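File shown: coords_5.pdb (PDB, C-alpha atoms and all ligand atoms).
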ATOM      1  CA  MET A   1       0.764  36.292 -19.751  1.00  0.00           C
ATOM      2  CA  THR A   2       0.287  35.512 -23.418  1.00  0.00           C
ATOM      3  CA  THR A   3       1.091  37.732 -26.334  1.00  0.00           C
ATOM      4  CA  GLN A   4      -0.930  37.652 -29.530  1.00  0.00           C
ATOM      5  CA  THR A   5       0.023  35.274 -32.313  1.00  0.00           C
ATOM      6  CA  ASN A   6       1.639  37.087 -35.197  1.00  0.00           C
ATOM      7  CA  GLU A   7       1.181  35.180 -38.466  1.00  0.00           C
ATOM      8  CA  THR A   8       3.790  37.352 -40.159  1.00  0.00           C
ATOM      9  CA  TYR A   9       6.620  36.469 -37.763  1.00  0.00           C
ATOM     10  CA  THR A  10       9.786  36.470 -39.901  1.00  0.00           C
ATOM     11  CA  LYS A  11      12.600  36.112 -37.361  1.00  0.00           C
ATOM     12  CA  PRO A  12      14.567  32.894 -36.849  1.00  0.00           C
ATOM     13  CA  LEU A  13      12.608  30.076 -35.219  1.00  0.00           C
ATOM     14  CA  PRO A  14      13.859  27.054 -33.261  1.00  0.00           C
ATOM     15  CA  GLU A  15      13.824  23.682 -34.999  1.00  0.00           C
ATOM     16  CA  ALA A  16      12.967  21.088 -32.373  1.00  0.00           C
ATOM     17  CA  ASP A  17      14.929  17.837 -32.332  1.00  0.00           C
ATOM     18  CA  PRO A  18      14.032  14.699 -30.346  1.00  0.00           C
ATOM     19  CA  GLU A  19      16.169  15.828 -27.395  1.00  0.00           C
ATOM     20  CA  ASP A  20      14.631  19.279 -26.939  1.00  0.00           C
ATOM     21  CA  ARG A  21      11.136  18.734 -28.380  1.00  0.00           C
ATOM     22  CA  PRO A  22       9.554  18.322 -24.886  1.00  0.00           C
ATOM     23  CA  TYR A  23      10.875  21.769 -23.917  1.00  0.00           C
ATOM     24  CA  TRP A  24       9.267  23.456 -26.942  1.00  0.00           C
ATOM     25  CA  GLU A  25       6.044  21.501 -26.428  1.00  0.00           C
ATOM     26  CA  SER A  26       5.902  22.645 -22.789  1.00  0.00           C
ATOM     27  CA  LEU A  27       6.242  26.265 -23.883  1.00  0.00           C
ATOM     28  CA  LYS A  28       3.419  25.745 -26.377  1.00  0.00           C
ATOM     29  CA  ARG A  29       1.260  24.538 -23.440  1.00  0.00           C
ATOM     30  CA  HIS A  30       2.389  27.640 -21.462  1.00  0.00           C
ATOM     31  CA  ALA A  31       3.822  25.357 -18.783  1.00  0.00           C
ATOM     32  CA  MET A  32       7.642  25.492 -18.949  1.00  0.00           C
ATOM     33  CA  GLU A  33       9.363  22.179 -18.223  1.00  0.00           C
ATOM     34  CA  ILE A  34      13.080  21.574 -17.628  1.00  0.00           C
ATOM     35  CA  GLN A  35      14.851  18.244 -17.198  1.00  0.00           C
ATOM     36  CA  ARG A  36      15.435  17.155 -13.592  1.00  0.00           C
ATOM     37  CA  CYS A  37      17.439  14.133 -12.531  1.00  0.00           C
ATOM     38  CA  SER A  38      15.394  11.679 -10.469  1.00  0.00           C
ATOM     39  CA  GLU A  39      18.636  10.285  -8.972  1.00  0.00           C
ATOM     40  CA  CYS A  40      20.425  13.415  -7.710  1.00  0.00           C
ATOM     41  CA  GLY A  41      17.656  16.019  -8.002  1.00  0.00           C
ATOM     42  CA  GLU A  42      19.641  18.504 -10.116  1.00  0.00           C
ATOM     43  CA  TYR A  43      17.972  20.421 -12.950  1.00  0.00           C
ATOM     44  CA  THR A  44      19.788  20.705 -16.280  1.00  0.00           C
ATOM     45  CA  PHE A  45      19.445  22.937 -19.345  1.00  0.00           C
ATOM     46  CA  LEU A  46      20.067  22.711 -22.343  1.00  0.00           C
ATOM     47  CA  PRO A  47      18.357  19.327 -22.800  1.00  0.00           C
ATOM     48  CA  LYS A  48      20.691  16.326 -22.504  1.00  0.00           C
ATOM     49  CA  PRO A  49      20.405  12.537 -22.698  1.00  0.00           C
ATOM     50  CA  LEU A  50      22.171  11.967 -19.330  1.00  0.00           C
ATOM     51  CA  CYS A  51      22.436  13.950 -16.093  1.00  0.00           C
ATOM     52  CA  PRO A  52      25.663  16.030 -16.307  1.00  0.00           C
ATOM     53  CA  ASN A  53      25.934  15.938 -12.490  1.00  0.00           C
ATOM     54  CA  CYS A  54      25.762  12.174 -11.784  1.00  0.00           C
ATOM     55  CA  LEU A  55      25.586  10.658 -15.312  1.00  0.00           C
ATOM     56  CA  ALA A  56      22.339   8.816 -14.506  1.00  0.00           C
ATOM     57  CA  ASP A  57      19.976   8.038 -17.361  1.00  0.00           C
ATOM     58  CA  ALA A  58      17.206   9.478 -15.215  1.00  0.00           C
ATOM     59  CA  LEU A  59      16.278  12.922 -16.549  1.00  0.00           C
ATOM     60  CA  VAL A  60      12.570  13.683 -16.214  1.00  0.00           C
ATOM     61  CA  TRP A  61      10.778  16.682 -17.733  1.00  0.00           C
ATOM     62  CA  THR A  62       9.569  18.689 -14.741  1.00  0.00           C
ATOM     63  CA  ARG A  63       7.365  21.775 -14.540  1.00  0.00           C
ATOM     64  CA  VAL A  64       9.290  24.788 -13.236  1.00  0.00           C
ATOM     65  CA  SER A  65       8.179  28.017 -11.602  1.00  0.00           C
ATOM     66  CA  GLY A  66       8.914  30.339 -14.510  1.00  0.00           C
ATOM     67  CA  ARG A  67      10.506  32.734 -12.008  1.00  0.00           C
ATOM     68  CA  GLY A  68      14.135  33.749 -11.954  1.00  0.00           C
ATOM     69  CA  THR A  69      16.683  36.550 -11.900  1.00  0.00           C
ATOM     70  CA  VAL A  70      18.704  38.226 -14.629  1.00  0.00           C
ATOM     71  CA  TRP A  71      22.194  36.676 -14.465  1.00  0.00           C
ATOM     72  CA  GLY A  72      23.710  38.533 -17.430  1.00  0.00           C
ATOM     73  CA  THR A  73      22.353  41.057 -19.896  1.00  0.00           C
ATOM     74  CA  THR A  74      23.190  43.086 -22.993  1.00  0.00           C
ATOM     75  CA  THR A  75      21.411  45.313 -25.487  1.00  0.00           C
ATOM     76  CA  GLN A  76      21.297  44.549 -29.208  1.00  0.00           C
ATOM     77  CA  SER A  77      21.313  47.941 -30.916  1.00  0.00           C
ATOM     78  CA  HIS A  78      21.646  46.994 -34.591  1.00  0.00           C
ATOM     79  CA  PRO A  79      19.455  44.540 -36.532  1.00  0.00           C
ATOM     80  CA  PRO A  80      21.286  41.175 -36.408  1.00  0.00           C
ATOM     81  CA  LEU A  81      19.469  39.913 -39.524  1.00  0.00           C
ATOM     82  CA  PRO A  82      17.466  41.545 -42.337  1.00  0.00           C
ATOM     83  CA  SER A  83      14.275  40.114 -40.800  1.00  0.00           C
ATOM     84  CA  PHE A  84      14.652  42.503 -37.843  1.00  0.00           C
ATOM     85  CA  SER A  85      13.094  45.895 -38.519  1.00  0.00           C
ATOM     86  CA  ALA A  86      13.911  49.305 -37.079  1.00  0.00           C
ATOM     87  CA  GLU A  87      10.879  48.974 -34.785  1.00  0.00           C
ATOM     88  CA  ASP A  88      12.480  45.870 -33.205  1.00  0.00           C
ATOM     89  CA  MET A  89      15.539  47.830 -32.129  1.00  0.00           C
ATOM     90  CA  PRO A  90      17.014  48.013 -29.603  1.00  0.00           C
ATOM     91  CA  PHE A  91      16.146  44.780 -27.843  1.00  0.00           C
ATOM     92  CA  ASN A  92      17.416  42.940 -24.801  1.00  0.00           C
ATOM     93  CA  ILE A  93      19.315  39.646 -24.694  1.00  0.00           C
ATOM     94  CA  SER A  94      19.700  38.114 -21.239  1.00  0.00           C
ATOM     95  CA  LEU A  95      20.719  34.991 -19.412  1.00  0.00           C
ATOM     96  CA  VAL A  96      18.031  34.365 -16.797  1.00  0.00           C
ATOM     97  CA  GLU A  97      18.817  32.029 -13.916  1.00  0.00           C
ATOM     98  CA  LEU A  98      15.627  30.197 -13.068  1.00  0.00           C
ATOM     99  CA  ALA A  99      14.689  29.637  -9.429  1.00  0.00           C
ATOM    100  CA  GLU A 100      15.585  25.979 -10.113  1.00  0.00           C
ATOM    101  CA  GLY A 101      19.209  27.002 -10.791  1.00  0.00           C
ATOM    102  CA  VAL A 102      19.576  26.624 -14.571  1.00  0.00           C
ATOM    103  CA  ARG A 103      20.186  29.506 -16.972  1.00  0.00           C
ATOM    104  CA  VAL A 104      18.226  30.183 -20.152  1.00  0.00           C
ATOM    105  CA  CYS A 105      19.099  32.608 -22.944  1.00  0.00           C
ATOM    106  CA  THR A 106      16.112  34.858 -23.543  1.00  0.00           C
ATOM    107  CA  ASN A 107      14.826  38.399 -23.944  1.00  0.00           C
ATOM    108  CA  VAL A 108      13.600  40.561 -21.083  1.00  0.00           C
ATOM    109  CA  ILE A 109      10.577  42.498 -22.312  1.00  0.00           C
ATOM    110  CA  GLY A 110       7.994  44.736 -20.693  1.00  0.00           C
ATOM    111  CA  CYS A 111      10.403  47.493 -19.671  1.00  0.00           C
ATOM    112  CA  PRO A 112      12.880  49.807 -21.419  1.00  0.00           C
ATOM    113  CA  VAL A 113      16.093  47.937 -22.337  1.00  0.00           C
ATOM    114  CA  GLU A 114      18.126  50.373 -20.233  1.00  0.00           C
ATOM    115  CA  ASP A 115      16.159  49.326 -17.135  1.00  0.00           C
ATOM    116  CA  VAL A 116      17.202  45.646 -17.295  1.00  0.00           C
ATOM    117  CA  ARG A 117      19.680  44.939 -14.497  1.00  0.00           C
ATOM    118  CA  ILE A 118      21.612  41.937 -13.238  1.00  0.00           C
ATOM    119  CA  GLY A 119      19.719  40.534 -10.257  1.00  0.00           C
ATOM    120  CA  MET A 120      16.339  41.825 -11.475  1.00  0.00           C
ATOM    121  CA  GLU A 121      13.530  39.421 -10.598  1.00  0.00           C
ATOM    122  CA  VAL A 122      11.672  38.245 -13.704  1.00  0.00           C
ATOM    123  CA  GLU A 123       8.897  35.849 -14.680  1.00  0.00           C
ATOM    124  CA  VAL A 124       8.236  33.947 -17.888  1.00  0.00           C
ATOM    125  CA  VAL A 125       6.000  35.328 -20.634  1.00  0.00           C
ATOM    126  CA  TYR A 126       4.827  32.806 -23.225  1.00  0.00           C
ATOM    127  CA  ASP A 127       5.125  34.464 -26.624  1.00  0.00           C
ATOM    128  CA  ASP A 128       3.121  32.534 -29.259  1.00  0.00           C
ATOM    129  CA  VAL A 129       5.098  33.817 -32.245  1.00  0.00           C
ATOM    130  CA  THR A 130       3.434  31.381 -34.694  1.00  0.00           C
ATOM    131  CA  ASP A 131       0.700  28.759 -34.479  1.00  0.00           C
ATOM    132  CA  ASP A 132       3.408  26.133 -33.873  1.00  0.00           C
ATOM    133  CA  VAL A 133       6.120  27.940 -31.931  1.00  0.00           C
ATOM    134  CA  THR A 134       6.034  29.585 -28.517  1.00  0.00           C
ATOM    135  CA  LEU A 135       9.114  31.349 -27.153  1.00  0.00           C
ATOM    136  CA  ALA A 136       9.890  31.954 -23.488  1.00  0.00           C
ATOM    137  CA  ARG A 137      10.634  35.585 -22.818  1.00  0.00           C
ATOM    138  CA  PHE A 138      10.721  37.190 -19.367  1.00  0.00           C
ATOM    139  CA  ARG A 139       9.331  40.376 -17.820  1.00  0.00           C
ATOM    140  CA  PRO A 140      10.102  42.164 -14.566  1.00  0.00           C
ATOM    141  CA  VAL A 141       8.130  40.913 -11.561  1.00  0.00           C
ATOM    142  CA  LYS A 142       5.851  43.770 -10.598  1.00  0.00           C
ATOM    143  CA  ASP A 143       5.839  43.168  -6.825  1.00  0.00           C
ATOM    144  CA  GLN A 144       9.617  43.366  -6.241  1.00  0.00           C
TER     145      GLN A 144
HETATM  146 ZN    ZN B 201      21.805  13.332 -11.558  1.00  0.00          ZN
END
Is it possible to express this structure as structure tokens?
Ligand SMILES: [Zn+2]
Amino acid sequence: MTTQTNETYTKPLPEADPEDRPYWESLKRHAMEIQRCSECGEYTFLPKPLCPNCLADALVWTRVSGRGTVWGTTTQSHPPLPSFSAEDMPFNISLVELAEGVRVCTNVIGCPVEDVRIGMEVEVVYDDVTDDVTLARFRPVKDQ
């Protein structure tokens, strides 16, 4: 799923650095990639220069399923910054554990915030918030 680009997006945006740039570029292509170690097979996130499991210099950007479960969740009820409007509130903040075993901090969208539950199955939604930046949000899987 893709949401429409909003040219007036005013909320904080990520600033890619050399270590995490491939992640942001994969989101822009709507094909989420996470680093996987070609020595031990473990996935890792956030991006790192070496595998935190076996210390090999063998991390390879690998396409992932975009499916996962809510591992932790909370509701933001008050605007955290002036750029958030009343219409943005409340919103969800969750840690989603991908099927590949790593956790990403994100928002669960597509359902009322009070319906988000730990263990809920979710799938990635590529949110093209500007022409240059795509964020990975998640929505409930419909067939659960
Ligand atoms: Zn490794």
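You will find CA of Cys105 in chain A at 22.5 Å from CA of Ala86 in chain A.
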Would you write out, as a tab-separated table, a table of all residues in chain A that have an atom no more than 12 Å from an atom of ligand ZN 201 (chain B), listing for each the closest atom pair and the distance in Å to one decimal, considering all atoms listed in the file and ordering rows by chain and rising residue number?
residue	atom	partner	partner_atom	distance
A:Gln35	CA	B:ZN201	ZN	10.2
A:Arg36	CA	B:ZN201	ZN	7.7
A:Cys37	CA	B:ZN201	ZN	4.5
A:Ser38	CA	B:ZN201	ZN	6.7
A:Glu39	CA	B:ZN201	ZN	5.1
A:Cys40	CA	B:ZN201	ZN	4.1
A:Gly41	CA	B:ZN201	ZN	6.1
A:Glu42	CA	B:ZN201	ZN	5.8
A:Tyr43	CA	B:ZN201	ZN	8.2
A:Thr44	CA	B:ZN201	ZN	9.0
A:Lys48	CA	B:ZN201	ZN	11.4
A:Pro49	CA	B:ZN201	ZN	11.3
A:Leu50	CA	B:ZN201	ZN	7.9
A:Cys51	CA	B:ZN201	ZN	4.6
A:Pro52	CA	B:ZN201	ZN	6.7
A:Asn53	CA	B:ZN201	ZN	5.0
A:Cys54	CA	B:ZN201	ZN	4.1
A:Leu55	CA	B:ZN201	ZN	6.0
A:Ala56	CA	B:ZN201	ZN	5.4
A:Asp57	CA	B:ZN201	ZN	8.1
A:Ala58	CA	B:ZN201	ZN	7.0
A:Leu59	CA	B:ZN201	ZN	7.5
A:Val60	CA	B:ZN201	ZN	10.3
Edge lengths and centre in Å to one decimal, as lines of an AutoDock Vina configuration file, is what I'm after for the box along x, y and z that holds all listed atoms of range 75-93 of chain A once 4 Å is added on each side.
center_x = 16.3
center_y = 44.5
center_z = -33.5
size_x = 18.8
size_y = 17.7
size_z = 25.6
Nearest residue to Asp132 in chain A from the set A:Pro22, A:Gln76, A:Lys28, A:Thr8 (distances using all atoms listed in the file): A:Lys28
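Note that the spacing between CA of Thr62 in chain A and CA of Gly110 in chain A amounts to 26.8 Å.
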